>>> print(open('final15.pdb').read())   # PDB, C-alpha atoms
ATOM      1  CA  MET G  30      -5.066  18.146  22.536
ATOM      2  CA  GLY G  31      -7.471  16.391  20.186
ATOM      3  CA  LYS G  32      -6.397  15.209  16.797
ATOM      4  CA  GLU G  33      -7.792  16.956  13.765
ATOM      5  CA  HIS G  34      -9.048  15.690  10.443
ATOM      6  CA  TYR G  35      -6.841  17.832   8.243
ATOM      7  CA  ALA G  36      -7.858  16.231   4.949
ATOM      8  CA  PRO G  37     -11.529  15.950   3.969
ATOM      9  CA  LYS G  38     -12.893  12.448   3.964
ATOM     10  CA  ARG G  39     -13.576  11.083   0.513
ATOM     11  CA  ARG G  40     -14.045   7.719  -1.104
ATOM     12  CA  VAL G  41     -10.949   6.267  -2.718
ATOM     13  CA  ARG G  42     -11.447   3.959  -5.651
ATOM     14  CA  ALA G  43      -9.572   0.691  -5.772
ATOM     15  CA  PRO G  44      -6.695   0.890  -8.267
ATOM     16  CA  GLY G  45      -7.810  -2.112 -10.247
ATOM     17  CA  LEU G  46     -11.053  -0.285 -10.964
ATOM     18  CA  GLN G  47      -9.532   2.955 -12.113
ATOM     19  CA  GLY G  48      -6.302   1.665 -13.637
ATOM     20  CA  ASP G  49      -4.095   3.894 -11.504
ATOM     21  CA  ARG G  50      -0.842   2.949  -9.847
ATOM     22  CA  LEU G  51       1.050   4.245  -6.864
ATOM     23  CA  GLY G  52       3.156   7.029  -8.339
ATOM     24  CA  ALA G  53       6.437   7.383 -10.180
ATOM     25  CA  ILE G  54       9.630   6.643  -8.265
ATOM     26  CA  GLY G  55      12.561   8.551  -9.672
ATOM     27  CA  ARG G  56      13.234   7.356 -13.202
ATOM     28  CA  LEU G  57      11.625   4.000 -12.651
ATOM     29  CA  PRO G  58       8.105   3.310 -13.912
ATOM     30  CA  SER G  59       5.206   3.618 -11.506
ATOM     31  CA  ARG G  60       5.149   1.623  -8.272
ATOM     32  CA  GLY G  61       2.720  -1.151  -7.417
ATOM     33  CA  ALA G  62       0.307  -3.028  -9.625
ATOM     34  CA  PRO G  63      -3.410  -3.059 -10.374
ATOM     35  CA  LEU G  64      -5.497  -5.708  -8.682
ATOM     36  CA  ALA G  65      -4.959  -8.793 -10.788
ATOM     37  CA  SER G  66      -8.544  -9.983 -10.690
ATOM     38  CA  LEU G  67      -9.837  -6.630 -11.881
ATOM     39  CA  SER G  68      -7.225  -5.868 -14.498
ATOM     40  CA  SER G  69      -7.346  -9.276 -16.170
ATOM     41  CA  LEU G  70     -10.934  -8.906 -17.256
ATOM     42  CA  ALA G  71     -10.502 -11.290 -20.148
ATOM     43  CA  SER G  72     -10.222 -14.144 -17.646
ATOM     44  CA  VAL G  73     -13.803 -13.729 -16.398
ATOM     45  CA  PRO G  74     -15.919 -16.612 -17.683
ATOM     46  CA  THR G  75     -18.204 -15.743 -20.574
ATOM     47  CA  LEU G  76     -21.016 -17.607 -18.837
ATOM     48  CA  ILE G  77     -21.063 -15.105 -15.967
ATOM     49  CA  CYS G  78     -21.317 -12.228 -18.423
ATOM     50  CA  PHE G  79     -24.155 -13.989 -20.241
ATOM     51  CA  ILE G  80     -26.070 -14.494 -16.995
ATOM     52  CA  LEU G  81     -25.582 -10.860 -15.993
ATOM     53  CA  SER G  82     -26.852  -9.776 -19.409
ATOM     54  CA  ILE G  83     -30.016 -11.850 -18.981
ATOM     55  CA  VAL G  84     -30.602 -10.383 -15.509
ATOM     56  CA  ALA G  85     -30.165  -6.838 -16.815
ATOM     57  CA  SER G  86     -32.580  -7.456 -19.677
ATOM     58  CA  ALA G  87     -35.162  -9.029 -17.383
ATOM     59  CA  ALA G  88     -35.000  -5.992 -15.122
ATOM     60  CA  GLY G  89     -35.831  -3.768 -18.054
ATOM     61  CA  GLY G  90     -32.555  -1.863 -17.834
ATOM     62  CA  PRO G  91     -30.446  -0.753 -20.782
ATOM     63  CA  ALA G  92     -28.363  -3.434 -22.436
ATOM     64  CA  LYS G  93     -24.795  -3.527 -21.143
ATOM     65  CA  THR G  94     -21.691  -4.023 -23.211
ATOM     66  CA  ALA G  95     -19.566  -7.134 -22.844
ATOM     67  CA  GLU G  96     -16.839  -5.003 -21.260
ATOM     68  CA  GLN G  97     -19.263  -3.629 -18.652
ATOM     69  CA  LEU G  98     -20.449  -7.127 -17.819
ATOM     70  CA  LYS G  99     -16.890  -8.399 -17.478
ATOM     71  CA  ARG G 100     -16.096  -5.506 -15.172
ATOM     72  CA  GLU G 101     -19.121  -6.176 -12.976
ATOM     73  CA  ALA G 102     -18.247  -9.855 -12.744
ATOM     74  CA  ALA G 103     -14.655  -9.013 -11.822
ATOM     75  CA  VAL G 104     -15.804  -6.560  -9.147
ATOM     76  CA  ALA G 105     -18.158  -9.169  -7.701
ATOM     77  CA  GLU G 106     -15.378 -11.771  -7.636
ATOM     78  CA  PHE G 107     -12.934  -9.386  -5.972
ATOM     79  CA  THR G 108     -15.501  -8.267  -3.393
ATOM     80  CA  GLN G 109     -16.276 -11.842  -2.419
ATOM     81  CA  ARG G 110     -12.580 -12.668  -2.166
ATOM     82  CA  MET G 111     -11.963  -9.721   0.159
ATOM     83  CA  LYS G 112     -14.788 -10.861   2.423
ATOM     84  CA  THR G 113     -13.534 -14.446   2.429
ATOM     85  CA  ASN G 114      -9.921 -13.494   3.175
ATOM     86  CA  ASN G 115     -10.952 -11.331   6.153
ATOM     87  CA  TYR G 116      -7.685  -9.397   6.126
ATOM     88  CA  PRO G 117      -8.670  -7.096   9.034
ATOM     89  CA  ALA G 118      -8.495 -10.072  11.405
ATOM     90  CA  LEU G 119      -5.019 -10.953  10.104
ATOM     91  CA  PHE G 120      -3.809  -7.368  10.528
ATOM     92  CA  GLU G 121      -5.113  -7.321  14.094
ATOM     93  CA  LYS G 122      -3.414 -10.620  14.920
ATOM     94  CA  ALA G 123      -0.024  -9.528  13.554
ATOM     95  CA  ALA G 124      -0.375  -6.116  15.196
ATOM     96  CA  LYS G 125      -0.815  -7.733  18.590
ATOM     97  CA  GLU G 126       2.130 -10.091  18.062
ATOM     98  CA  PHE G 127       4.627  -7.397  17.053
ATOM     99  CA  LYS G 128       3.148  -4.430  18.934
ATOM    100  CA  VAL G 129       2.482  -2.375  15.823
ATOM    101  CA  PRO G 130      -0.777  -0.397  15.569
ATOM    102  CA  ALA G 131      -3.180  -2.371  13.396
ATOM    103  CA  ASP G 132      -4.084   0.764  11.465
ATOM    104  CA  ILE G 133      -0.429   1.257  10.529
ATOM    105  CA  LEU G 134      -0.410  -2.218   8.976
ATOM    106  CA  LYS G 135      -3.738  -1.607   7.261
ATOM    107  CA  GLY G 136      -2.629   1.800   5.984
ATOM    108  CA  VAL G 137       0.735   0.614   4.673
ATOM    109  CA  ALA G 138      -0.866  -2.363   2.925
ATOM    110  CA  PHE G 139      -3.646  -0.233   1.449
ATOM    111  CA  ALA G 140      -1.250   2.398   0.095
ATOM    112  CA  GLU G 141       1.008  -0.282  -1.347
ATOM    113  CA  THR G 142      -1.360  -2.938  -2.733
ATOM    114  CA  ARG G 143      -4.974  -2.107  -1.791
ATOM    115  CA  TRP G 144      -4.881  -5.282   0.311
ATOM    116  CA  GLU G 145      -4.002  -7.548  -2.597
ATOM    117  CA  GLN G 146      -1.635 -10.493  -2.031
ATOM    118  CA  LEU G 147       0.534  -9.774  -5.066
ATOM    119  CA  LYS G 148       1.857 -12.881  -6.797
ATOM    120  CA  TRP G 149       3.765 -13.246 -10.052
ATOM    121  CA  PRO G 150       4.673 -16.044 -12.461
ATOM    122  CA  PRO G 151       7.703 -18.114 -11.374
ATOM    123  CA  GLY G 152      10.942 -16.286 -12.066
ATOM    124  CA  GLU G 153       9.267 -12.971 -12.932
ATOM    125  CA  THR G 154      11.102 -10.365 -10.856
ATOM    126  CA  HIS G 155      10.356  -7.351 -13.088
ATOM    127  CA  SER G 156       7.357  -6.259 -15.109
ATOM    128  CA  PRO G 157       7.780  -7.332 -18.744
ATOM    129  CA  GLU G 158       5.864  -4.194 -19.787
ATOM    130  CA  ASN G 159       7.840  -1.479 -18.013
ATOM    131  CA  GLY G 160      10.757  -3.074 -16.161
ATOM    132  CA  MET G 161       9.370  -2.150 -12.733
ATOM    133  CA  PRO G 162      10.664  -4.468  -9.963
ATOM    134  CA  ARG G 163       7.959  -6.739  -8.603
ATOM    135  CA  PRO G 164       6.814  -6.296  -4.990
ATOM    136  CA  TYR G 165       5.603  -9.366  -3.120
ATOM    137  CA  GLY G 166       2.461  -9.914  -1.113
ATOM    138  CA  ILE G 167      -0.063  -7.698   0.578
ATOM    139  CA  MET G 168       2.668  -5.724   2.400
ATOM    140  CA  SER G 169       4.636  -5.071  -0.816
ATOM    141  CA  LEU G 170       7.948  -6.579   0.229
ATOM    142  CA  TRP G 171      10.870  -6.004  -2.132
ATOM    143  CA  ASP G 172      13.827  -8.024  -3.328
ATOM    144  CA  ASN G 173      15.831  -5.808  -5.680
ATOM    145  CA  ASP G 174      18.732  -3.381  -5.568
ATOM    146  CA  PHE G 175      16.647  -0.209  -6.012
ATOM    147  CA  PHE G 176      13.930  -0.528  -3.364
ATOM    148  CA  GLY G 177      15.911  -2.946  -1.203
ATOM    149  CA  HIS G 178      15.504  -6.476   0.076
ATOM    150  CA  SER G 179      12.734  -6.157   2.652
ATOM    151  CA  LEU G 180      11.394  -9.579   1.647
ATOM    152  CA  LEU G 181      14.579 -11.291   2.814
ATOM    153  CA  GLU G 182      14.854  -9.200   5.971
ATOM    154  CA  SER G 183      11.210  -9.718   6.915
ATOM    155  CA  ALA G 184      11.450 -13.464   6.373
ATOM    156  CA  ALA G 185      14.542 -13.662   8.585
ATOM    157  CA  LEU G 186      12.842 -11.656  11.339
ATOM    158  CA  ILE G 187       9.985 -14.155  11.634
ATOM    159  CA  GLY G 188      12.029 -17.285  10.934
ATOM    160  CA  ARG G 189      10.319 -18.118   7.652
ATOM    161  CA  LYS G 190      11.510 -18.687   4.096
ATOM    162  CA  PRO G 191      10.983 -15.836   1.608
ATOM    163  CA  GLU G 192       8.837 -18.104  -0.557
ATOM    164  CA  GLU G 193       6.397 -18.517   2.338
ATOM    165  CA  LEU G 194       5.929 -14.749   2.531
ATOM    166  CA  LYS G 195       5.337 -14.643  -1.213
ATOM    167  CA  GLU G 196       2.563 -17.227  -1.003
ATOM    168  CA  ASP G 197       0.936 -16.790   2.413
ATOM    169  CA  ALA G 198      -0.772 -13.458   3.111
ATOM    170  CA  PHE G 199      -0.637 -13.844   6.889
ATOM    171  CA  GLN G 200       3.090 -14.615   6.898
ATOM    172  CA  ASN G 201       3.567 -11.632   4.591
ATOM    173  CA  ILE G 202       1.715  -9.412   7.070
ATOM    174  CA  ARG G 203       3.728 -10.855   9.974
ATOM    175  CA  GLY G 204       6.974 -10.166   8.120
ATOM    176  CA  GLY G 205       5.939  -6.607   7.316
ATOM    177  CA  ALA G 206       4.885  -6.016  10.918
ATOM    178  CA  ALA G 207       8.185  -7.363  12.272
ATOM    179  CA  LEU G 208      10.154  -5.121   9.918
ATOM    180  CA  LEU G 209       8.101  -2.040  10.788
ATOM    181  CA  ARG G 210       8.670  -2.747  14.481
ATOM    182  CA  LYS G 211      12.413  -3.024  13.919
ATOM    183  CA  LEU G 212      12.550   0.187  11.885
ATOM    184  CA  TYR G 213      10.484   1.991  14.507
ATOM    185  CA  ASP G 214      12.770   0.883  17.328
ATOM    186  CA  ASN G 215      15.998   1.633  15.442
ATOM    187  CA  ASN G 216      15.194   5.106  14.109
ATOM    188  CA  PRO G 217      14.395   8.510  15.653
ATOM    189  CA  LYS G 218      10.770   9.432  16.284
ATOM    190  CA  PRO G 219       9.199  12.580  14.823
ATOM    191  CA  PRO G 220       9.542  15.582  17.142
ATOM    192  CA  GLY G 221       6.687  15.991  19.581
ATOM    193  CA  THR G 222       5.451  12.392  19.322
ATOM    194  CA  THR G 223       5.520   9.374  21.613
ATOM    195  CA  GLU G 224       4.766   5.701  20.996
ATOM    196  CA  ALA G 225       1.200   6.425  22.063
ATOM    197  CA  ASP G 226       0.794   8.568  18.923
ATOM    198  CA  ILE G 227       0.036   6.805  15.660
ATOM    199  CA  GLU G 228       1.816   9.683  13.894
ATOM    200  CA  SER G 229       5.098   8.586  15.505
ATOM    201  CA  TRP G 230       5.398   5.728  12.989
ATOM    202  CA  ARG G 231       5.887   7.893   9.915
ATOM    203  CA  TYR G 232       9.696   7.708   9.843
ATOM    204  CA  ALA G 233       9.505   3.913  10.052
ATOM    205  CA  ILE G 234       7.007   3.940   7.172
ATOM    206  CA  ARG G 235       9.365   6.071   5.095
ATOM    207  CA  LYS G 236      12.169   3.573   5.666
ATOM    208  CA  TYR G 237       9.902   0.588   5.081
ATOM    209  CA  CYS G 238       8.678   1.628   1.626
ATOM    210  CA  GLY G 239      12.182   1.460   0.153
ATOM    211  CA  ILE G 240      11.865   4.669  -1.860
ATOM    212  CA  PRO G 241      15.283   6.349  -1.661
ATOM    213  CA  GLN G 242      14.239   9.933  -2.462
ATOM    214  CA  PRO G 243      13.249  11.831   0.740
ATOM    215  CA  SER G 244      10.516  13.876  -0.950
ATOM    216  CA  LEU G 245       8.897  10.766  -2.407
ATOM    217  CA  ASN G 246       9.086   8.584   0.688
ATOM    218  CA  ALA G 247       7.735  11.456   2.811
ATOM    219  CA  SER G 248       4.853  11.927   0.369
ATOM    220  CA  HIS G 249       4.207   8.196   0.453
ATOM    221  CA  ALA G 250       4.051   8.175   4.263
ATOM    222  CA  LEU G 251       1.636  11.112   4.159
ATOM    223  CA  LYS G 252      -0.577   9.120   1.797
ATOM    224  CA  VAL G 253      -0.605   6.218   4.270
ATOM    225  CA  TYR G 254      -1.868   8.536   7.002
ATOM    226  CA  VAL G 255      -4.508  10.068   4.740
ATOM    227  CA  PHE G 256      -5.847   6.567   4.120
ATOM    228  CA  ILE G 257      -5.801   5.805   7.857
ATOM    229  CA  ASN G 258      -7.744   9.004   8.458
ATOM    230  CA  GLN G 259     -10.328   8.142   5.794
ATOM    231  CA  GLY G 260     -10.799   4.403   6.119
ATOM    232  CA  TYR G 261     -12.391   2.496   3.259
ATOM    233  CA  HIS G 262     -15.745   0.816   2.659
ATOM    234  CA  GLN G 263     -15.985  -0.601  -0.838
ATOM    235  CA  TYR G 264     -15.462  -3.844  -2.755
ATOM    236  CA  GLY G 265     -15.527  -6.016   0.354
ATOM    237  CA  ILE G 266     -12.913  -3.914   2.187
ATOM    238  CA  GLU G 267     -14.265  -2.716   5.530
ATOM    239  CA  TRP G 268     -11.895  -0.420   7.401
ATOM    240  CA  GLU G 269     -12.964   2.278   9.831
ATOM    241  CA  GLY G 270     -10.950   5.484   9.595
ATOM    242  CA  GLN G 271      -9.047   6.715  12.644
ATOM    243  CA  PRO G 272      -8.365  10.359  13.606
ATOM    244  CA  VAL G 273      -4.891  11.445  12.526
ATOM    245  CA  HIS G 274      -3.186  14.775  13.206
ATOM    246  CA  LEU G 275      -2.316  15.299   9.552
ATOM    247  CA  LYS G 276      -1.316  18.952   9.585
ATOM    248  CA  PRO G 277       2.256  18.534  10.948
ATOM    249  CA  ILE G 278       2.837  15.576   8.608
ATOM    250  CA  GLN G 279       1.693  17.657   5.637
ATOM    251  CA  GLU G 280       3.832  20.616   6.710
ATOM    252  CA  GLU G 281       6.891  18.415   7.208
ATOM    253  CA  THR G 282       6.357  16.813   3.798
ATOM    254  CA  ASP G 283       6.005  20.224   2.153
ATOM    255  CA  ARG G 284       9.314  21.332   3.693
ATOM    256  CA  ILE G 285      11.108  18.199   2.491
ATOM    257  CA  VAL G 286       9.734  18.599  -1.029
ATOM    258  CA  ALA G 287      10.664  22.295  -1.098
ATOM    259  CA  ASP G 288      14.187  21.569   0.165
ATOM    260  CA  GLU G 289      14.764  18.970  -2.550
ATOM    261  CA  LYS G 290      13.484  21.317  -5.239
ATOM    262  CA  ALA G 291      15.791  24.048  -3.961
ATOM    263  CA  LYS G 292      18.775  21.696  -4.040
ATOM    264  CA  ARG G 293      18.009  20.626  -7.597
ATOM    265  CA  GLY G 294      17.636  24.236  -8.683
ATOM    266  CA  ALA G 295      20.749  25.545  -6.931
ATOM    267  CA  PRO G 296      23.715  26.287  -9.226
ATOM    268  CA  LYS G 297      26.582  23.859  -8.901
ATOM    269  CA  THR G 298      29.680  25.131  -7.144
ATOM    270  CA  PRO G 299      32.482  25.450  -9.708
ATOM    271  CA  ILE G 300      35.512  23.280  -9.134
ATOM    272  CA  LEU G 301      38.616  25.483  -8.895
ATOM    273  CA  ASP G 302      42.011  24.301 -10.075
TER
END
>>> encode(input="final15.pdb", output="structure tokens")
Amino acid sequence: MGKEHYAPKRRVRAPGLQGDRLGAIGRLPSRGAPLASLSSLASVPTLICFILSIVASAAGGPAKTAEQLKREAAVAEFTQRMKTNNYPALFEKAAKEFKVPADILKGVAFAETRWEQLKWPPGETHSPENGMPRPYGIMSLWDNDFFGHSLLESAALIGRKPEELKEDAFQNIRGGAALLRKLYDNNPKPPGTTEADIESWRYAIRKYCGIPQPSLNASHALKVYVFINQGYHQYGIEWEGQPVHLKPIQEETDRIVADEKAKRGAPKTPILD
């Protein structure tokens, strides 16, 4: 039976360009972080903005604001960096090593970080703005008591130090791939799926993300598969979408969300003396 495109294909904007994040997790602030190069627009050299302004004027177009010019320069810098890093080749290499579908790695990384190797100042384990624990690297590995310690586990699985996974994108991808493989092997598969089905990885993805609430980790896994189904072609990211049978994943997620809502709304059983 062929797989269906349950969700319509649409273009997804990079989070650094729209200022969004990856959704609230329980009572904690939102997960993830904007792309550093696009959110820190003040760091773009004034000279680049000046040159862009001259080019725009010479072309006879309307004058652009300094903020617009900074944004364009940041987008150009990010796009070039994505092309230079060539992350698809790294995903493919790690996928082959650990026998994880490359699109699972690409989808998890895109949902978590939009393929950004997240790095933070030394000693900064939480956001100073909102207290959110910091994830590490392109695969968003954690080292805290809420989302878990996937950074340490991933590093141990590939025989590397955690600091290497924080700094090196390929080692971060390898660690994430090794952990996904372990979670896949050690947990049940969704009913009606086999290892030949890309949809069979969704329970491993739910475990991997570290979100403790079932409704939220199921919704997160669904988002990963929507991205796999769509692919992405902007800002130097080139990723061909792959057909995913989304309907059963959506239906399963809806049931989990409904069950949790029902539990929260159910009256508490009185304690009898």
>>> resolve_selection(input="final15.pdb", expression="the PyMOL selection byres ((chain G and resi 268-285) around 9)", output="ChimeraX atom specification")
/G:31-36,117,132,135,227-228,231,243-244,247-248,250-251,254-262,266-267,286-290
>>> atom_distance(input="final15.pdb", atom1="CA of Ala225 (chain G)", atom2="CA of Ser183 (chain G)")
24.3 Å
>>> residues_around(input="final15.pdb", residues="Glu182 (chain G)", least_positions_apart="5", cutoff="10 Å", atoms="all atoms listed in the file", output="JSON, numbers by chain")
{"G": [170, 171, 172, 177, 187, 188, 191, 204, 205, 207, 208]}
>>> atom_distance(input="final15.pdb", atom1="CA of Met111 (chain G)", atom2="CA of Gly136 (chain G)")
15.9 Å
>>> closest_residue(input="final15.pdb", among="G:Glu101, G:Asp174, G:Glu96, G:Glu224", to="Arg210 (chain G)", atoms="all atoms listed in the file")
G:Glu224
>>> closest_residue(input="final15.pdb", among="G:Val129, G:Ile240, G:Ala198, G:Ala233", to="Phe176 (chain G)", atoms="all atoms listed in the file")
G:Ile240
>>> atom_distance(input="final15.pdb", atom1="CA of Trp230 (chain G)", atom2="CA of Ala124 (chain G)")
13.4 Å
>>> resolve_selection(input="final15.pdb", expression="the PyMOL selection byres ((chain G and resi 219) around 9)", output="PDB file with C-alpha atoms, in the frame of the given file")
ATOM      1  CA  PRO G 217      14.395   8.510  15.653  1.00  0.00           C
ATOM      2  CA  LYS G 218      10.770   9.432  16.284  1.00  0.00           C
ATOM      3  CA  PRO G 220       9.542  15.582  17.142  1.00  0.00           C
ATOM      4  CA  GLY G 221       6.687  15.991  19.581  1.00  0.00           C
ATOM      5  CA  THR G 222       5.451  12.392  19.322  1.00  0.00           C
ATOM      6  CA  THR G 223       5.520   9.374  21.613  1.00  0.00           C
ATOM      7  CA  GLU G 228       1.816   9.683  13.894  1.00  0.00           C
ATOM      8  CA  SER G 229       5.098   8.586  15.505  1.00  0.00           C
ATOM      9  CA  TRP G 230       5.398   5.728  12.989  1.00  0.00           C
ATOM     10  CA  ARG G 231       5.887   7.893   9.915  1.00  0.00           C
ATOM     11  CA  TYR G 232       9.696   7.708   9.843  1.00  0.00           C
TER      12      TYR G 232
END
>>> residues_near_point(input="final15.pdb", point="(-0.2, -13.2, -7.2)", cutoff="8 Å", atoms="all atoms listed in the file", output="number ranges by chain")
G: 65, 146-150, 166, 196
>>> write_last_selection(input="final15.pdb", atoms="C-alpha atoms", output="JSON list (two decimals), keeping the file's coordinate frame")
[["chain", "number", "residue", "atom", "x", "y", "z"],
["G", 65, "ALA", "CA", -4.96, -8.79, -10.79],
["G", 146, "GLN", "CA", -1.64, -10.49, -2.03],
["G", 147, "LEU", "CA", 0.53, -9.77, -5.07],
["G", 148, "LYS", "CA", 1.86, -12.88, -6.80],
["G", 149, "TRP", "CA", 3.76, -13.25, -10.05],
["G", 150, "PRO", "CA", 4.67, -16.04, -12.46],
["G", 166, "GLY", "CA", 2.46, -9.91, -1.11],
["G", 196, "GLU", "CA", 2.56, -17.23, -1.00]]
>>> residues_around(input="final15.pdb", residues="Tyr264 (chain G)", least_positions_apart="3", cutoff="7 Å", atoms="only C-alpha atoms", output="NGL selection string")
:G and (104 or 107-108)
